[in-house]
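Have a look at the structure below, then the notes.
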Amino acid sequence: MRGIYHLPKKVKFIMELDISIIDRIYPRKAFIGGRIGYSKGLIFKWLLIKKITNWAYRTITELSGISHQTLIRRNQQFLQHQVYQKFFCHLVEEAVKQELIYGVKVAMDASFVPTYSGNQEIGSEQWNGFKKA
């Protein structure tokens, strides 16, 4: 197995990010027995890294030491409880507080990003001139 000596800057940024908000967004249920397991914040960081790098779960498992099943299960829970959306809203609020974002509304354009299916999706046809970018 080849070692990873230089992690991308975006991975280093995520690893240094304060994720303490996750425990408030998705609070822990009462302990009902068994092993406590990994913290939600740690798993959230690794799932964010998976999303921004598009690495396979196998790669994330090897780097983090967290089992594949745990990552899949927690990702499903985060999706069900809209943790990713709530965290994004928190990031936007923090950016507004620090005056990194001005104004009342924020618009994001991802029309140049290829779709999962590779087909023209409803609502994306002829959106702007950057579709072919």
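FYI, nothing fancy with the structure tokens labels: chains A, B, ... in order, residues from 1 per chain, ligands from 1 as they appear.
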
Shell around Thr61 of chain A at 12 Å using only C-alpha atoms, local window under 6 positions removed, as a ChimeraX atom specification: /A:43,46-47,49-50,55,67-72

How would the residues just picked look written out with N, CA and C atoms as a PDB file, in the first residue's frame?
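The resulting file, out-v7.pdb, is shown below:
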ATOM      1  N   ILE A  43     -16.688  11.801  12.730  1.00  0.00           N
ATOM      2  CA  ILE A  43     -17.252  11.123  11.563  1.00  0.00           C
ATOM      3  C   ILE A  43     -17.737  12.151  10.545  1.00  0.00           C
ATOM      4  N   TRP A  46     -14.807  13.352   8.458  1.00  0.00           N
ATOM      5  CA  TRP A  46     -14.375  12.385   7.459  1.00  0.00           C
ATOM      6  C   TRP A  46     -15.391  12.261   6.331  1.00  0.00           C
ATOM      7  N   LEU A  47     -16.671  12.387   6.633  1.00  0.00           N
ATOM      8  CA  LEU A  47     -17.685  12.351   5.573  1.00  0.00           C
ATOM      9  C   LEU A  47     -17.613  13.605   4.701  1.00  0.00           C
ATOM     10  N   ILE A  49     -14.823  15.190   4.109  1.00  0.00           N
ATOM     11  CA  ILE A  49     -13.627  14.941   3.292  1.00  0.00           C
ATOM     12  C   ILE A  49     -13.972  14.023   2.133  1.00  0.00           C
ATOM     13  N   LYS A  50     -14.775  13.005   2.407  1.00  0.00           N
ATOM     14  CA  LYS A  50     -15.201  12.105   1.336  1.00  0.00           C
ATOM     15  C   LYS A  50     -15.964  12.869   0.261  1.00  0.00           C
ATOM     16  N   TRP A  55     -13.305  10.690  -2.748  1.00  0.00           N
ATOM     17  CA  TRP A  55     -12.600   9.447  -2.465  1.00  0.00           C
ATOM     18  C   TRP A  55     -13.616   8.368  -2.124  1.00  0.00           C
ATOM     19  N   SER A  67     -14.855   2.174  10.619  1.00  0.00           N
ATOM     20  CA  SER A  67     -15.334   1.111   9.732  1.00  0.00           C
ATOM     21  C   SER A  67     -16.276   1.652   8.665  1.00  0.00           C
ATOM     22  N   HIS A  68     -16.301   0.924   7.564  1.00  0.00           N
ATOM     23  CA  HIS A  68     -17.151   1.271   6.429  1.00  0.00           C
ATOM     24  C   HIS A  68     -18.615   1.341   6.846  1.00  0.00           C
ATOM     25  N   GLN A  69     -19.081   0.370   7.617  1.00  0.00           N
ATOM     26  CA  GLN A  69     -20.477   0.325   8.043  1.00  0.00           C
ATOM     27  C   GLN A  69     -20.835   1.528   8.900  1.00  0.00           C
ATOM     28  N   THR A  70     -19.922   1.938   9.766  1.00  0.00           N
ATOM     29  CA  THR A  70     -20.173   3.092  10.625  1.00  0.00           C
ATOM     30  C   THR A  70     -20.310   4.363   9.789  1.00  0.00           C
ATOM     31  N   LEU A  71     -19.443   4.527   8.809  1.00  0.00           N
ATOM     32  CA  LEU A  71     -19.514   5.707   7.943  1.00  0.00           C
ATOM     33  C   LEU A  71     -20.816   5.741   7.154  1.00  0.00           C
ATOM     34  N   ILE A  72     -21.218   4.600   6.606  1.00  0.00           N
ATOM     35  CA  ILE A  72     -22.459   4.534   5.826  1.00  0.00           C
ATOM     36  C   ILE A  72     -23.662   4.827   6.717  1.00  0.00           C
TER      37      ILE A  72
END

Proximity to Tyr26 of chain A - best of A:Gln76, A:Asn54, A:Ser64, A:Gln82, only C-alpha atoms: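 For Tyr26 of chain A, the nearest of the given residues is A:Gln82.
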
Selected residue of minimal separation from Lys45 of chain A among A:Val92, A:Thr59, A:Glu16, A:Ala30, counting only C-alpha atoms: A:Glu16

Computed interatomic separation between atom CA of Glu93 of chain A and atom CA of Pro8 of chain A (Å): 26.1 Å

Straight-line distance linking atom CA of Asn75 of chain A with atom CA of Ser39 of chain A, stated in Å to one decimal: 13.2 Å

Atom-to-atom span, atom CA of Tyr84 of chain A and atom CA of Arg58 of chain A, Å: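 Separating atom CA of Tyr84 of chain A from atom CA of Arg58 of chain A is a distance of 21.4 Å.
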
Residue nearest Lys10 of chain A among A:Tyr102, A:Arg73, A:Phe87, A:Lys51 (counting only C-alpha atoms):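 The closest residue to Lys10 of chain A is A:Lys51.
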
Which residue of A:Leu91, A:Arg35, A:Glu99, A:Ala56 approaches Ile19 of chain A most closely, using only C-alpha atoms: A:Leu91
